[in-house]
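Asks: My structure is stored as data_0.cif, with mmCIF, C-alpha atoms.
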data_work
#
loop_
_atom_site.label_atom_id
_atom_site.label_comp_id
_atom_site.auth_asym_id
_atom_site.auth_seq_id
_atom_site.Cartn_x
_atom_site.Cartn_y
_atom_site.Cartn_z
CA MET A 1080 8.96 -16.13 -24.61
CA ASP A 1081 5.91 -18.40 -24.55
CA THR A 1082 5.05 -18.45 -20.85
CA ASP A 1083 1.96 -20.62 -21.25
CA ALA A 1084 3.95 -23.27 -23.10
CA LEU A 1085 6.41 -23.27 -20.19
CA ILE A 1086 3.83 -23.73 -17.44
CA ASP A 1087 1.80 -26.24 -19.51
CA ASP A 1088 4.79 -28.48 -20.16
CA PRO A 1089 4.34 -31.55 -17.91
CA ASP A 1090 8.09 -32.19 -18.01
CA ILE A 1091 8.76 -28.84 -16.29
CA ARG A 1092 8.45 -29.54 -12.57
CA ILE A 1093 10.36 -26.58 -11.08
CA ILE A 1094 10.40 -22.90 -12.07
CA VAL A 1095 12.88 -20.68 -10.22
CA CYS A 1096 12.33 -16.90 -10.35
CA CYS A 1097 15.55 -15.00 -9.69
CA GLY A 1098 16.62 -11.39 -9.99
CA SER A 1099 17.80 -8.44 -7.93
CA GLY A 1100 15.67 -6.98 -5.14
CA GLY A 1101 12.53 -4.98 -5.88
CA VAL A 1102 11.98 -6.19 -9.45
CA GLY A 1103 8.80 -8.17 -8.77
CA LYS A 1104 10.05 -11.75 -8.26
CA THR A 1105 7.37 -12.50 -5.65
CA THR A 1106 4.55 -11.16 -7.81
CA THR A 1107 5.87 -13.00 -10.86
CA ALA A 1108 6.14 -16.30 -8.95
CA ALA A 1109 2.63 -15.91 -7.53
CA ALA A 1110 1.14 -14.95 -10.91
CA LEU A 1111 2.77 -17.94 -12.57
CA GLY A 1112 1.39 -20.17 -9.81
CA VAL A 1113 -2.15 -18.86 -10.23
CA ARG A 1114 -2.07 -19.14 -14.01
CA ALA A 1115 -0.58 -22.65 -13.97
CA ALA A 1116 -3.16 -23.83 -11.41
CA GLU A 1117 -6.06 -22.38 -13.39
CA ARG A 1118 -4.74 -24.19 -16.47
CA GLY A 1119 -4.95 -27.52 -14.67
CA ARG A 1120 -1.70 -28.07 -12.79
CA LYS A 1121 -1.24 -28.80 -9.09
CA VAL A 1122 1.15 -26.07 -7.99
CA VAL A 1123 2.96 -25.01 -4.84
CA VAL A 1124 4.64 -21.59 -4.60
CA LEU A 1125 7.57 -21.33 -2.20
CA THR A 1126 8.45 -17.78 -1.23
CA ILE A 1127 11.28 -16.47 0.91
CA ASP A 1128 10.07 -12.87 0.81
CA PRO A 1129 9.80 -11.39 4.33
CA ALA A 1130 7.28 -8.73 3.22
CA ARG A 1131 4.49 -11.38 3.16
CA ARG A 1132 2.84 -9.78 0.12
CA LEU A 1133 2.23 -13.22 -1.32
CA ALA A 1134 -0.07 -14.25 1.53
CA GLN A 1135 -2.07 -11.04 1.21
CA SER A 1136 -2.49 -11.33 -2.56
CA MET A 1137 -3.66 -14.94 -2.25
CA GLY A 1138 -6.16 -14.26 0.49
CA ILE A 1139 -4.29 -16.26 3.14
CA ASP A 1140 -4.00 -14.75 6.60
CA SER A 1141 -0.45 -16.00 7.00
CA LEU A 1142 2.03 -18.31 5.36
CA ASP A 1143 4.37 -20.64 7.19
CA ASN A 1144 6.53 -23.69 6.61
CA VAL A 1145 3.52 -25.82 5.64
CA PRO A 1146 1.89 -25.46 2.17
CA ARG A 1147 -1.57 -23.84 2.46
CA ARG A 1148 -4.35 -24.35 -0.10
CA VAL A 1149 -5.34 -21.15 -1.90
CA LYS A 1150 -9.06 -20.69 -2.46
CA GLY A 1151 -10.60 -19.04 -5.51
CA ILE A 1152 -8.76 -20.88 -8.27
CA GLU A 1153 -11.18 -20.81 -11.21
CA GLY A 1154 -11.66 -22.25 -14.66
CA GLU A 1155 -12.81 -25.47 -16.22
CA GLY A 1156 -10.37 -28.23 -15.39
CA ALA A 1157 -8.56 -26.02 -12.88
CA GLY A 1158 -5.97 -27.66 -10.69
CA GLU A 1159 -4.83 -26.66 -7.21
CA LEU A 1160 -2.64 -23.92 -5.83
CA HIS A 1161 -0.77 -24.09 -2.54
CA ALA A 1162 1.54 -21.46 -1.07
CA MET A 1163 4.10 -21.41 1.69
CA MET A 1164 6.77 -19.16 3.16
CA LEU A 1165 10.14 -20.53 4.17
CA ASP A 1166 10.69 -20.64 7.92
CA MET A 1167 14.46 -20.89 7.96
CA LYS A 1168 14.87 -22.03 11.56
CA ARG A 1169 11.95 -24.48 11.42
CA THR A 1170 13.39 -26.07 8.27
CA PHE A 1171 16.76 -26.52 10.01
CA ASP A 1172 14.97 -28.01 13.04
CA GLU A 1173 13.12 -30.46 10.78
CA ILE A 1174 16.41 -31.65 9.29
CA VAL A 1175 17.82 -32.28 12.76
CA GLU A 1176 14.69 -34.09 13.91
CA ALA A 1177 14.62 -36.24 10.77
CA HIS A 1178 18.28 -37.30 10.90
CA ALA A 1179 19.01 -37.70 14.61
CA ASP A 1180 17.52 -39.78 17.41
CA ALA A 1181 15.30 -38.01 19.94
CA GLU A 1182 18.00 -37.50 22.58
CA ARG A 1183 20.62 -36.19 20.16
CA ALA A 1184 18.07 -33.99 18.39
CA ARG A 1185 17.04 -32.41 21.70
CA ALA A 1186 20.69 -31.73 22.57
CA ILE A 1187 21.25 -30.04 19.22
CA LEU A 1188 18.05 -27.97 19.25
CA GLU A 1189 18.79 -26.68 22.76
CA ASN A 1190 22.43 -25.85 21.99
CA PRO A 1191 23.02 -22.04 22.01
CA PHE A 1192 25.45 -22.19 19.09
CA TYR A 1193 22.95 -24.14 16.99
CA GLN A 1194 20.23 -21.62 17.81
CA SER A 1195 22.46 -18.80 16.56
CA LEU A 1196 23.51 -20.78 13.48
CA SER A 1197 19.96 -21.75 12.52
CA ALA A 1198 18.63 -18.23 12.98
CA GLY A 1199 21.20 -16.10 11.24
CA PHE A 1200 24.37 -17.75 9.98
CA ALA A 1201 25.44 -16.28 6.64
CA GLY A 1202 23.97 -18.40 3.87
CA THR A 1203 21.65 -20.39 6.12
CA GLN A 1204 18.49 -18.91 4.59
CA GLU A 1205 19.61 -19.72 1.06
CA TYR A 1206 20.73 -23.21 2.09
CA MET A 1207 17.40 -23.89 3.80
CA ALA A 1208 15.55 -22.68 0.70
CA MET A 1209 17.35 -25.39 -1.26
CA GLU A 1210 16.64 -27.94 1.49
CA LYS A 1211 12.93 -27.09 1.37
CA LEU A 1212 12.90 -27.29 -2.42
CA GLY A 1213 14.48 -30.73 -2.19
CA GLN A 1214 11.88 -31.82 0.37
CA LEU A 1215 8.97 -30.61 -1.76
CA ARG A 1216 10.30 -32.32 -4.88
CA ALA A 1217 10.93 -35.57 -3.01
CA ARG A 1218 7.30 -35.67 -1.85
CA ASP A 1219 6.18 -35.74 -5.51
CA GLU A 1220 2.86 -34.24 -4.43
CA TRP A 1221 2.83 -31.31 -6.88
CA ASP A 1222 3.06 -31.12 -10.65
CA LEU A 1223 4.90 -27.81 -10.46
CA ILE A 1224 6.98 -26.02 -7.81
CA VAL A 1225 7.51 -22.28 -8.29
CA VAL A 1226 10.35 -20.82 -6.21
CA ASP A 1227 10.69 -17.15 -5.31
CA THR A 1228 14.39 -16.82 -4.49
CA PRO A 1229 15.70 -15.09 -1.32
CA PRO A 1230 16.01 -11.29 -1.28
CA SER A 1231 19.78 -11.45 -0.84
CA ARG A 1232 22.34 -9.01 -2.18
CA SER A 1233 22.99 -11.31 -5.10
CA ALA A 1234 19.92 -13.22 -6.23
CA LEU A 1235 22.10 -16.22 -7.09
CA ASP A 1236 23.51 -16.55 -3.57
CA PHE A 1237 21.25 -19.55 -3.10
CA LEU A 1238 23.36 -21.42 -5.68
CA ASP A 1239 26.47 -20.87 -3.59
CA ALA A 1240 24.90 -21.37 -0.17
CA PRO A 1241 25.04 -25.20 -0.12
CA LYS A 1242 28.74 -25.07 -1.01
CA ARG A 1243 29.44 -22.36 1.59
CA LEU A 1244 27.65 -24.17 4.39
CA GLY A 1245 29.18 -27.47 3.32
CA SER A 1246 32.63 -25.89 3.33
CA PHE A 1247 31.99 -24.54 6.81
CA LEU A 1248 30.88 -27.93 8.11
CA ASP A 1249 33.79 -29.67 6.39
CA GLY A 1250 36.31 -26.94 7.23
CA LYS A 1251 39.50 -27.21 9.24
CA PHE A 1252 38.01 -25.49 12.28
CA ILE A 1253 35.17 -28.00 12.53
CA LYS A 1254 37.52 -30.94 11.90
CA LEU A 1255 39.79 -29.76 14.71
CA LEU A 1256 36.86 -29.60 17.09
CA MET A 1257 35.73 -33.05 15.99
CA ALA A 1258 39.21 -34.59 16.18
CA PRO A 1259 39.13 -35.82 19.82
CA ALA A 1260 36.05 -37.89 19.10
CA LYS A 1261 37.62 -39.43 16.00
CA VAL A 1262 41.06 -40.42 17.37
CA GLY A 1263 41.26 -43.94 18.76
CA GLY A 1264 43.42 -45.17 21.60
CA ARG A 1265 44.70 -43.50 24.75
CA ALA A 1266 48.08 -42.62 23.24
CA GLY A 1267 46.50 -40.83 20.35
CA MET A 1268 44.05 -39.04 22.60
CA LYS A 1269 46.82 -38.03 25.02
CA PHE A 1270 48.98 -36.65 22.20
CA LEU A 1271 46.05 -34.87 20.57
CA ASN A 1272 44.69 -33.46 23.81
CA VAL A 1273 47.92 -31.54 24.36
CA GLY A 1274 47.49 -29.74 21.06
CA MET A 1275 43.74 -29.37 21.56
CA SER A 1276 44.26 -27.85 24.98
CA MET A 1277 46.61 -25.25 23.53
CA MET A 1278 44.21 -24.50 20.68
CA THR A 1279 41.08 -24.35 22.81
CA GLY A 1280 42.86 -22.21 25.38
CA THR A 1281 43.73 -19.67 22.68
CA LEU A 1282 40.27 -19.82 21.11
CA GLY A 1283 38.68 -19.57 24.54
CA LYS A 1284 40.45 -16.25 25.08
CA LEU A 1285 39.37 -14.99 21.65
CA LEU A 1286 35.80 -16.28 21.57
CA GLY A 1287 35.00 -16.77 25.22
CA GLY A 1288 35.02 -20.10 27.05
CA PRO A 1289 31.23 -20.65 27.13
CA PHE A 1290 30.89 -19.95 23.41
CA LEU A 1291 33.67 -22.38 22.53
CA ARG A 1292 32.12 -25.09 24.70
CA ASP A 1293 28.78 -24.53 22.95
CA VAL A 1294 30.48 -24.95 19.57
CA GLN A 1295 32.25 -28.14 20.65
CA THR A 1296 29.03 -29.59 22.07
CA PHE A 1297 27.22 -28.71 18.85
CA VAL A 1298 29.92 -30.31 16.70
CA ALA A 1299 29.92 -33.48 18.77
CA ALA A 1300 26.14 -33.79 18.46
CA MET A 1301 26.08 -32.97 14.74
CA ASP A 1302 29.00 -35.23 13.81
CA THR A 1303 26.86 -37.92 12.22
CA MET A 1304 24.80 -35.37 10.25
CA PHE A 1305 27.56 -33.39 8.48
CA GLY A 1306 27.82 -35.78 5.56
CA GLY A 1307 24.06 -35.61 5.03
CA PHE A 1308 24.14 -31.84 4.59
CA ARG A 1309 26.59 -32.06 1.73
CA THR A 1310 24.85 -35.04 0.14
CA ARG A 1311 21.47 -33.30 0.11
CA ALA A 1312 23.04 -30.05 -1.11
CA ASP A 1313 24.67 -31.86 -4.02
CA ALA A 1314 21.41 -33.63 -4.87
CA THR A 1315 19.44 -30.36 -4.91
CA TYR A 1316 22.11 -28.68 -7.00
CA LYS A 1317 21.84 -31.47 -9.59
CA LEU A 1318 18.05 -31.09 -9.46
CA LEU A 1319 18.44 -27.43 -10.44
CA GLN A 1320 20.57 -28.45 -13.42
CA ALA A 1321 18.10 -31.10 -14.58
CA PRO A 1322 15.95 -30.64 -17.73
CA GLY A 1323 12.78 -30.49 -15.59
CA THR A 1324 13.88 -27.18 -14.06
CA ALA A 1325 13.48 -23.75 -15.70
CA PHE A 1326 14.99 -20.47 -14.49
CA LEU A 1327 13.27 -17.15 -15.15
CA VAL A 1328 15.37 -14.03 -14.63
CA VAL A 1329 13.13 -11.16 -13.51
CA ALA A 1330 14.15 -7.52 -14.05
CA THR A 1331 12.74 -4.05 -14.65
CA PRO A 1332 13.70 -2.01 -17.74
CA GLU A 1333 16.28 0.00 -15.80
CA ARG A 1334 20.02 0.04 -16.38
CA ASP A 1335 21.10 -1.36 -13.00
CA ALA A 1336 18.43 -4.07 -12.94
CA LEU A 1337 19.26 -5.26 -16.46
CA ARG A 1338 22.97 -5.18 -15.68
CA GLU A 1339 22.23 -7.56 -12.79
CA ALA A 1340 20.02 -9.62 -15.09
CA ALA A 1341 22.89 -9.96 -17.57
CA TYR A 1342 25.10 -11.20 -14.74
CA PHE A 1343 22.47 -13.77 -13.73
CA VAL A 1344 22.15 -15.01 -17.31
CA GLU A 1345 25.90 -15.45 -17.60
CA ARG A 1346 26.18 -17.12 -14.20
CA LEU A 1347 23.35 -19.56 -14.96
CA ALA A 1348 25.05 -20.47 -18.23
CA ALA A 1349 28.34 -21.05 -16.39
CA GLU A 1350 26.60 -23.30 -13.86
CA LYS A 1351 24.75 -25.13 -16.67
CA MET A 1352 21.37 -24.15 -15.23
CA PRO A 1353 18.46 -24.25 -17.74
CA LEU A 1354 17.37 -20.67 -18.51
CA ALA A 1355 13.84 -20.21 -19.89
CA GLY A 1356 14.05 -16.47 -20.45
CA LEU A 1357 13.81 -12.93 -19.07
CA VAL A 1358 10.67 -11.40 -17.57
CA LEU A 1359 10.83 -7.63 -18.03
CA ASN A 1360 8.48 -6.16 -15.45
CA ARG A 1361 6.77 -2.75 -15.24
CA VAL A 1362 7.31 -1.75 -18.84
CA HIS A 1363 5.80 1.60 -19.83
CA GLY A 1364 4.26 2.62 -23.12
CA SER A 1365 1.63 4.87 -24.68
CA ASP A 1366 -1.41 4.44 -26.91
CA ALA A 1367 -0.42 7.73 -28.55
CA ALA A 1368 3.09 6.59 -29.46
CA ARG A 1369 2.81 8.14 -32.94
CA LEU A 1370 3.22 11.55 -31.30
CA SER A 1371 6.92 11.73 -30.46
CA ALA A 1372 8.38 13.52 -27.44
CA GLU A 1373 9.94 16.15 -29.71
CA GLN A 1374 6.63 16.85 -31.48
CA ALA A 1375 4.76 17.08 -28.17
CA LEU A 1376 7.31 19.52 -26.68
CA ALA A 1377 7.25 21.67 -29.80
CA ALA A 1378 3.45 21.84 -29.74
CA ALA A 1379 3.46 22.71 -26.02
CA GLU A 1380 5.93 25.56 -26.58
CA ASN A 1381 3.86 26.93 -29.46
CA LEU A 1382 0.73 26.93 -27.31
CA GLU A 1383 2.51 28.64 -24.42
CA THR A 1384 3.95 31.39 -26.64
CA GLY A 1385 0.84 31.91 -28.77
CA GLY A 1386 2.56 30.56 -31.86
CA ILE A 1387 -0.38 28.45 -33.02
CA VAL A 1388 -3.61 29.82 -31.59
CA ASP A 1389 -4.92 32.99 -29.99
CA GLN A 1390 -4.41 32.52 -26.26
CA ALA A 1391 -7.44 34.68 -25.49
CA ALA A 1392 -9.80 32.08 -26.91
CA GLY A 1393 -11.23 29.34 -24.76
CA LYS A 1394 -11.21 28.87 -21.02
CA ALA A 1395 -11.66 25.80 -18.87
CA GLY A 1396 -12.64 26.04 -15.25
CA LEU A 1397 -14.25 24.46 -12.23
CA ARG A 1398 -17.87 25.63 -11.97
CA GLU A 1399 -19.38 27.13 -8.82
CA PRO A 1400 -21.95 24.92 -7.06
CA ALA A 1401 -25.44 25.25 -8.62
CA ASP A 1402 -26.84 26.95 -5.51
CA SER A 1403 -24.01 29.48 -5.31
CA PRO A 1404 -25.00 33.16 -5.72
CA THR A 1405 -22.45 33.48 -8.47
CA ALA A 1406 -23.55 30.36 -10.39
CA GLY A 1407 -24.24 31.11 -14.03
CA HIS A 1408 -22.07 34.24 -14.01
CA ALA A 1409 -18.73 34.21 -15.76
CA PRO A 1410 -15.94 35.35 -13.44
CA THR A 1411 -13.87 38.35 -14.30
CA THR A 1412 -10.21 37.76 -15.01
CA ASP A 1413 -7.09 39.83 -14.78
CA ALA A 1414 -4.56 40.35 -17.53
CA ALA A 1415 -2.83 37.06 -16.73
CA GLY A 1416 -6.05 35.11 -17.20
CA THR A 1417 -6.58 34.38 -13.46
CA ALA A 1418 -9.98 34.68 -11.85
CA ALA A 1419 -10.32 38.04 -10.05
CA PRO A 1420 -12.51 38.40 -6.94
CA GLU A 1421 -15.89 39.95 -7.56
CA SER A 1422 -16.89 43.06 -5.69
CA GLY A 1423 -18.53 42.50 -2.35
CA THR A 1424 -17.01 39.04 -1.93
CA ASP A 1425 -14.25 37.71 0.25
CA SER A 1426 -10.96 37.93 -1.65
CA GLY A 1427 -9.33 35.10 0.34
CA PRO A 1428 -8.93 31.58 -1.09
CA ARG A 1429 -12.06 29.43 -1.04
CA ALA A 1430 -12.45 25.78 -2.06
CA ASP A 1431 -15.61 26.43 -4.12
CA ARG A 1432 -14.36 29.51 -6.01
CA THR A 1433 -14.02 29.09 -9.78
CA THR A 1434 -10.45 28.45 -10.92
CA THR A 1435 -10.11 29.36 -14.56
CA VAL A 1436 -7.34 27.88 -16.66
CA SER A 1437 -7.00 28.42 -20.36
CA THR A 1438 -7.60 25.43 -22.59
CA GLU A 1439 -4.21 26.09 -24.16
CA GLU A 1440 -2.48 25.84 -20.76
CA LEU A 1441 -4.18 22.52 -20.04
CA THR A 1442 -3.28 21.20 -23.48
CA ALA A 1443 0.33 22.30 -23.14
CA GLY A 1444 0.58 20.59 -19.76
CA LEU A 1445 -0.80 17.35 -21.16
CA LEU A 1446 1.60 17.54 -24.10
CA ARG A 1447 4.54 17.90 -21.71
CA LEU A 1448 3.34 14.92 -19.67
CA HIS A 1449 3.11 12.90 -22.88
CA ALA A 1450 6.63 13.99 -23.85
CA GLU A 1451 7.95 12.77 -20.48
CA ARG A 1452 6.20 9.42 -20.96
CA MET A 1453 7.64 9.00 -24.46
CA GLN A 1454 11.14 9.84 -23.17
CA LEU A 1455 10.71 7.15 -20.48
CA VAL A 1456 9.52 4.66 -23.11
CA ALA A 1457 12.56 5.45 -25.26
CA ARG A 1458 14.97 5.00 -22.33
CA GLU A 1459 13.43 1.67 -21.41
CA GLN A 1460 13.55 0.45 -25.02
CA ASN A 1461 17.21 1.47 -25.39
CA THR A 1462 18.08 -0.36 -22.16
CA ARG A 1463 16.25 -3.46 -23.36
CA ASP A 1464 17.96 -3.26 -26.77
CA ARG A 1465 21.38 -3.19 -25.10
CA PHE A 1466 20.51 -6.34 -23.13
CA THR A 1467 19.19 -8.23 -26.16
CA ALA A 1468 22.25 -7.19 -28.18
CA LEU A 1469 24.48 -8.78 -25.54
CA HIS A 1470 22.25 -11.84 -25.10
CA PRO A 1471 20.38 -12.36 -28.39
CA GLY A 1472 19.50 -15.96 -27.55
CA VAL A 1473 17.55 -15.14 -24.36
CA PRO A 1474 13.75 -15.01 -24.92
CA VAL A 1475 12.08 -11.96 -23.37
CA THR A 1476 8.52 -11.28 -22.27
CA ALA A 1477 7.54 -7.73 -21.36
CA VAL A 1478 4.93 -7.13 -18.65
CA ALA A 1479 3.20 -3.77 -18.82
CA ALA A 1480 3.14 -1.71 -15.65
CA LEU A 1481 -0.15 -1.96 -13.77
CA PRO A 1482 -1.83 1.22 -12.54
CA GLY A 1483 -1.73 0.03 -8.91
CA ASP A 1484 -0.30 -2.56 -6.54
CA VAL A 1485 -1.22 -6.23 -6.83
CA HIS A 1486 -3.10 -7.25 -3.69
CA ASP A 1487 -5.49 -10.05 -4.70
CA LEU A 1488 -6.04 -12.96 -7.08
CA SER A 1489 -7.55 -10.67 -9.73
CA GLY A 1490 -4.36 -8.64 -9.79
CA LEU A 1491 -2.27 -11.79 -10.06
CA ARG A 1492 -4.45 -12.96 -12.97
CA ALA A 1493 -3.85 -9.62 -14.69
CA VAL A 1494 -0.09 -10.07 -14.29
CA GLY A 1495 -0.41 -13.67 -15.56
CA ASP A 1496 -2.28 -12.47 -18.65
CA ARG A 1497 0.47 -9.97 -19.39
CA LEU A 1498 3.15 -12.61 -18.82
CA ALA A 1499 1.41 -14.83 -21.35
CA THR A 1500 0.83 -12.20 -24.01
CA GLY A 1501 4.25 -10.55 -23.75
CA THR A 1502 3.00 -6.96 -23.91
CA ASP A 1503 4.56 -4.86 -26.64
CA PRO A 1504 6.24 -1.92 -24.84
CA ALA A 1505 4.85 0.50 -27.44
CA GLY A 1506 1.35 -0.29 -26.29
CA ALA A 1507 2.05 -0.78 -22.60
CA ALA A 1508 -0.10 0.99 -20.08
#
Please go through the file and, once you have read it, give me the structure as structure tokens.
Replies:
Amino acid sequence: MDTDALIDDPDIRIIVCCGSGGVGKTTTAAALGVRAAERGRKVVVLTIDPARRLAQSMGIDSLDNVPRRVKGIEGEGAGELHAMMLDMKRTFDEIVEAHADAERARAILENPFYQSLSAGFAGTQEYMAMEKLGQLRARDEWDLIVVDTPPSRSALDFLDAPKRLGSFLDGKFIKLLMAPAKVGGRAGMKFLNVGMSMMTGTLGKLLGGPFLRDVQTFVAAMDTMFGGFRTRADATYKLLQAPGTAFLVVATPERDALREAAYFVERLAAEKMPLAGLVLNRVHGSDAARLSAEQALAAAENLETGGIVDQAAGKAGLREPADSPTAGHAPTTDAAGTAAPESGTDSGPRADRTTTVSTEELTAGLLRLHAERMQLVAREQNTRDRFTALHPGVPVTAVAALPGDVHDLSGLRAVGDRLATGTDPAGAA
């Protein structure tokens, strides 16, 4: 996959990074944002990750519902990078304030049921992520929007959330609660109120009278806004299907993660969402790949059993400090090759005492470590091969595992470089 061609394409206005939890979606989204900005685009990265790693890596004290300019973007002709973290409740509040008059908005925002709904209703976070994406795109302020999808059980829940919330708002329960306000005439109201009284009496016993009253008050206040929720959800959904959007599925070279990735690829195809490719994160490799695991294990066993060299030859050890009384004197060893205490010295363990290990033992240990690495490389390659066999048309870019965590712009640049070059797993770090 040619990542640079993707982020350089002026027709691509939205990149959505999706995948199961813990595979590096946030880091991938941030690295893409940094690289795109330093190649001249004006980018905003929207994250829904509660760990706030994105803010730390970009040198921002905190992220909130307002895009913040990231300093330190370099390069000739560099653009701009902004970052923000979805505030689910604040986004819901903004929708209410934008689509209701001041009095009605205040009634909604102060309603206890609304406060519970906006803070934790199932699917609200995913729905608000789509709302915020729609808002950002409508502003037309950025060349590119990079979205880090919510850390939900299924990384494609955000595709279903608008439908789920719309179904809830358009559902029979809500319609029943709205019915008294919609029926005209005293006769109709009188007839309906009999049934409503029976229903609300039953629900009041099940849910509690105060809770039911809060729900009814909320529904009455939100009546004029329900259609807008579905309209905006449909518009954002169509935006995700548009040619200017590209989905990147992010995974690690592990069986479970790639099984989830295969599901995402199939689901995106079913929903007619434009898939750009698979980012395979934290791929391992070795610069000594010509030495197979089997060869390394065989050599280690030969060294340990004396099959190749004389075990008595060669020692490696930690030297005594230069000012130590025993410096310059070779320690005596026992039959097993361990350093024996010299006469007149303390026989207890000491941090500065020479620890002698045979060169063959060190070499055998390193060979076994190399064998383990090559076995890991082989497992990862087999897992990747199974995925590509099932989905041969999906472009893949492999990102070599970094030696440490990404915590600054330099680290994000390193990830961006590896995204662009598509590291060959055989030579991965």
Asks: Decode the PyMOL selection byres ((chain A and resi 1467) around 12) for the given file into explicit residues and return them as number ranges by chain.
Replies: A: 1332, 1337-1338, 1340-1341, 1344, 1356-1357, 1359, 1460-1466, 1468-1476
Asks: Going by the chain IDs and residue numbers used in this file, which residues fall under the PyMOL selection byres ((chain A and resi 1324) around 8)? Write them as a ChimeraX atom specification.
Replies: /A:1091-1095,1318-1323,1325-1326,1353
Asks: List every protein, DNA or RNA residue with an atom no more than 9 Å from (-11.4, -26.4, -15.3) in the file's coordinates, counting only C-alpha atoms, and format the result as number ranges by chain.
Replies: A: 1117-1119, 1153-1158
Asks: Keeping C-alpha atoms, export the residues of the selection given above as an mmCIF file, keeping the file's coordinate frame.
Replies:
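Contents of selection13.cif, freshly written:
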data_model
loop_
_atom_site.group_PDB
_atom_site.id
_atom_site.type_symbol
_atom_site.label_atom_id
_atom_site.label_comp_id
_atom_site.auth_asym_id
_atom_site.auth_seq_id
_atom_site.Cartn_x
_atom_site.Cartn_y
_atom_site.Cartn_z
ATOM 1 C CA GLU A 1117 -6.060 -22.380 -13.390
ATOM 2 C CA ARG A 1118 -4.740 -24.190 -16.470
ATOM 3 C CA GLY A 1119 -4.950 -27.520 -14.670
ATOM 4 C CA GLU A 1153 -11.180 -20.810 -11.210
ATOM 5 C CA GLY A 1154 -11.660 -22.250 -14.660
ATOM 6 C CA GLU A 1155 -12.810 -25.470 -16.220
ATOM 7 C CA GLY A 1156 -10.370 -28.230 -15.390
ATOM 8 C CA ALA A 1157 -8.560 -26.020 -12.880
ATOM 9 C CA GLY A 1158 -5.970 -27.660 -10.690
#
Asks: Run the PyMOL selection byres ((chain A and resi 1108) around 10) on the file and write out the hits as a PDB file with C-alpha atoms, keeping the file's coordinate frame.
Replies:
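Full text of out23.pdb as output:
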ATOM      1  CA  ILE A1094      10.400 -22.900 -12.070  1.00  0.00           C
ATOM      2  CA  VAL A1095      12.880 -20.680 -10.220  1.00  0.00           C
ATOM      3  CA  CYS A1096      12.330 -16.900 -10.350  1.00  0.00           C
ATOM      4  CA  CYS A1097      15.550 -15.000  -9.690  1.00  0.00           C
ATOM      5  CA  GLY A1103       8.800  -8.170  -8.770  1.00  0.00           C
ATOM      6  CA  LYS A1104      10.050 -11.750  -8.260  1.00  0.00           C
ATOM      7  CA  THR A1105       7.370 -12.500  -5.650  1.00  0.00           C
ATOM      8  CA  THR A1106       4.550 -11.160  -7.810  1.00  0.00           C
ATOM      9  CA  THR A1107       5.870 -13.000 -10.860  1.00  0.00           C
ATOM     10  CA  ALA A1109       2.630 -15.910  -7.530  1.00  0.00           C
ATOM     11  CA  ALA A1110       1.140 -14.950 -10.910  1.00  0.00           C
ATOM     12  CA  LEU A1111       2.770 -17.940 -12.570  1.00  0.00           C
ATOM     13  CA  GLY A1112       1.390 -20.170  -9.810  1.00  0.00           C
ATOM     14  CA  VAL A1113      -2.150 -18.860 -10.230  1.00  0.00           C
ATOM     15  CA  VAL A1124       4.640 -21.590  -4.600  1.00  0.00           C
ATOM     16  CA  LEU A1125       7.570 -21.330  -2.200  1.00  0.00           C
ATOM     17  CA  THR A1126       8.450 -17.780  -1.230  1.00  0.00           C
ATOM     18  CA  LEU A1133       2.230 -13.220  -1.320  1.00  0.00           C
ATOM     19  CA  ILE A1224       6.980 -26.020  -7.810  1.00  0.00           C
ATOM     20  CA  VAL A1225       7.510 -22.280  -8.290  1.00  0.00           C
ATOM     21  CA  VAL A1226      10.350 -20.820  -6.210  1.00  0.00           C
ATOM     22  CA  ASP A1227      10.690 -17.150  -5.310  1.00  0.00           C
ATOM     23  CA  THR A1228      14.390 -16.820  -4.490  1.00  0.00           C
ATOM     24  CA  LEU A1327      13.270 -17.150 -15.150  1.00  0.00           C
ATOM     25  CA  VAL A1329      13.130 -11.160 -13.510  1.00  0.00           C
ATOM     26  CA  LEU A1491      -2.270 -11.790 -10.060  1.00  0.00           C
ATOM     27  CA  GLY A1495      -0.410 -13.670 -15.560  1.00  0.00           C
TER      28      GLY A1495
END
Asks: Rank A:Arg1369, A:Arg1132, A:Arg1311, A:His1161 by their smallest atom-to-atom distance to Gly1213 (chain A), using all atoms listed in the file, and report the top residue only.
Replies: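 Among A:Arg1369, A:Arg1132, A:Arg1311, A:His1161, it is A:Arg1311 that comes nearest to Gly1213 (chain A).
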Asks: One decimal, in Å: what's the spacing between CA of Ala1134 (chain A) and CA of Met1209 (chain A)?
Replies: 20.9 Å
Asks: CA of Tyr1206 (chain A) and CA of Ala1312 (chain A) are how many Å apart?
Replies: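 That distance, rounded to one decimal, is 7.9 Å.
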Asks: For Phe1343 (chain A), which residue among A:Thr1438, A:Asn1190, A:Ser1099, A:Thr1296 is the nearest when counting only C-alpha atoms?
Replies: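 Of A:Thr1438, A:Asn1190, A:Ser1099, A:Thr1296, the one nearest Phe1343 (chain A), counting only C-alpha atoms, is A:Ser1099.
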Asks: Could you tell me how far CA of Ser1141 (chain A) lies from CA of Met1164 (chain A), in Å and to one decimal?
Replies: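 It comes out at 8.8 Å.
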Asks: Which of these, A:Thr1082, A:Gln1194, A:Thr1442, A:Ser1371, has the shortest distance to Asp1496 (chain A) once you count all atoms listed in the file?
Replies: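 Using all atoms listed in the file, the shortest distance to Asp1496 (chain A) belongs to A:Thr1082.
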Asks: Taking the point (1.4, -11.2, -20.8) as given in the file, collect each protein or nucleic acid residue that comes within 10 Å of it, counting all atoms listed in the file, and present the set as a list in words.
Replies: Met1080, Asp1081, Thr1082, Asp1083, Val1358, Thr1476, Ala1477, Val1478, Ala1479, Arg1492, Ala1493, Val1494, Gly1495, Asp1496, Arg1497, Leu1498, Ala1499, Thr1500, Gly1501, Thr1502 and Asp1503 of chain A
